[in-house]
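What follows is a set of notes on a single structure, which appears directly below.
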Amino acid sequence: MILGIDASTYLEELEHGAKFFDGEREIDPLAAFADNGVDCMRIRVWNDPHGEDGTPYLAGNCDMDNYVRLAKLAKEKGFKLLMDLHYSDFWVDPGKQFIPKAWADYGLDEMVNAVYLFTKECLEIAVREGVAPELIQVGNEITN
């Protein structure tokens with residue numbers, strides 16, 4: 001059995017001044033999760049979650065840089081990693097699937113190649129940085 005959390009927004013929350021508490025006492029929420037049996041961290045990866053001016057869309061700024069930074073922290077705290085490849089620049093779910101802006105004009109063959117190359121690049125980066133995932137989620141909330 002895996003007990004996991006999605007902490008994809010954690011670093012962005014800290015950068016915006018978030019603090020976490022247990023009653024009156026400030027805590028490290030990742031340590032609290034680990035102390036209570038959580039053993040896996042899901043981290044979303046979006047293709048390019050930034051506007052044309054480079055400003056992040058927020059909601060976790062879930063690019064590969066975020067994955068690497070957060071995955072290193074997760075590994076330090078003993079979590080297994082689940083990489084969730086959305087194949088989009090932002091949130092996707094069964095009601096909305098958005099093609100990444102860089103792939104917008106691709107035909108089928110180009111799209112298949114782009115998915116392959118994006119997946120390969122993400123995994124190569126993760127391996128090189130010492131944060132290869134134990135689990136990979138292909139897409140988000142995909143239905144048949």
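So you can find residues: chains in the structure tokens are A, B, ... in the order shown, residues in each start at 1, and ligands are numbered from 1 in order.
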Open item on the list: Set the distance at 10 Å and use only C-alpha atoms: which residues neighbour Leu81 (chain A) once local chain neighbours fewer than 6 positions away are removed? I'd like the list as a list in words.
Closed with: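 The neighbour list is Gly4, Asp39, Cys40, Met41, Arg42, Ile43, Tyr67, Leu70, Ala71, Lys72, Ala74, Lys75, Val131, Ala132, Pro133, Glu134, Leu135 and Ile136 of chain A.
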Open item on the list: Applying 10 Å and only C-alpha atoms, which residues near region 111-126 of chain A remain after dropping the ones on its own chain fewer than 2 positions away? List them as a ChimeraX atom specification.
Closed with: /A:45,47,63-65,67-68,71-72,83,85,87,99,102-109,128-133,136,138
I want to know what sits within 8 Å of region 9-14 of chain A, based on only C-alpha atoms, with residues of the same chain fewer than 2 positions away left out; could you give that as a PDB file with C-alpha atoms, in the first residue's frame?
ATOM      1  CA  ALA A   7       3.076  18.567  -2.752  1.00  0.00           C
ATOM      2  CA  HIS A  16       5.196  33.360  -1.063  1.00  0.00           C
ATOM      3  CA  GLY A  17       5.674  33.231   2.709  1.00  0.00           C
ATOM      4  CA  ALA A  18       3.489  30.275   3.700  1.00  0.00           C
ATOM      5  CA  LYS A  19       3.941  28.880   7.199  1.00  0.00           C
ATOM      6  CA  LEU A  58       1.325  29.760 -10.507  1.00  0.00           C
ATOM      7  CA  ALA A  59      -0.490  26.746  -9.033  1.00  0.00           C
ATOM      8  CA  GLY A  60       2.888  25.170  -8.410  1.00  0.00           C
ATOM      9  CA  ASN A  61       4.946  26.361 -11.364  1.00  0.00           C
ATOM     10  CA  CYS A  62       5.219  22.655 -12.132  1.00  0.00           C
ATOM     11  CA  ASN A  66      10.378  22.525  -9.752  1.00  0.00           C
ATOM     12  CA  LEU A  70      11.109  19.336  -4.793  1.00  0.00           C
TER      13      LEU A  70
END
Open item on the list: Please return, as a PyMOL selection string, all residues of chain A that DSSP assigns to alpha helix (DSSP H) on the basis of the backbone.
Closed with: chain A and resi 10-15+29-35+64-76+108-128
Task: Separation of CA of Ala31 (chain A) from CA of Gln137 (chain A) in Å - done: 24.1 Å
- [ ] Name the residues of region 12-136 of chain A that come out as strand (DSSP E) in a backbone DSSP run; write them as an MDAnalysis selection string.
- [x] chainID A and resid 21:22 25:26 40:45 80:85 135:136
- [ ] Please identify all polymer residues within 8 Å of Phe90 (chain A), counting only C-alpha atoms, omitting same-chain residues fewer than 5 positions from it, and present them as a PyMOL selection string.
- [x] chain A and resi 46-49+57+98
Can those selected residues be exported to a file as a PDB file, in the first residue's frame so that it contains C-alpha atoms?
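Once everything was written out, this is part08.pdb:
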ATOM      1  CA  TRP A  46       3.791  20.533 -16.958  1.00  0.00           C
ATOM      2  CA  ASN A  47       5.484  21.281 -20.276  1.00  0.00           C
ATOM      3  CA  ASP A  48       5.808  25.076 -20.053  1.00  0.00           C
ATOM      4  CA  PRO A  49       3.764  26.658 -17.249  1.00  0.00           C
ATOM      5  CA  TYR A  57       1.075  30.542 -14.243  1.00  0.00           C
ATOM      6  CA  PHE A  98      -5.090  21.308 -23.414  1.00  0.00           C
TER       7      PHE A  98
END
Open item on the list: I need the residue nearest Leu3 (chain A) from this list: A:Arg44, A:Pro56, A:Phe79, A:Asp28. Use only C-alpha atoms for the distance.
Closed with: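 Looking only at the distances to Leu3 (chain A), the closest residue turns out to be A:Phe79.
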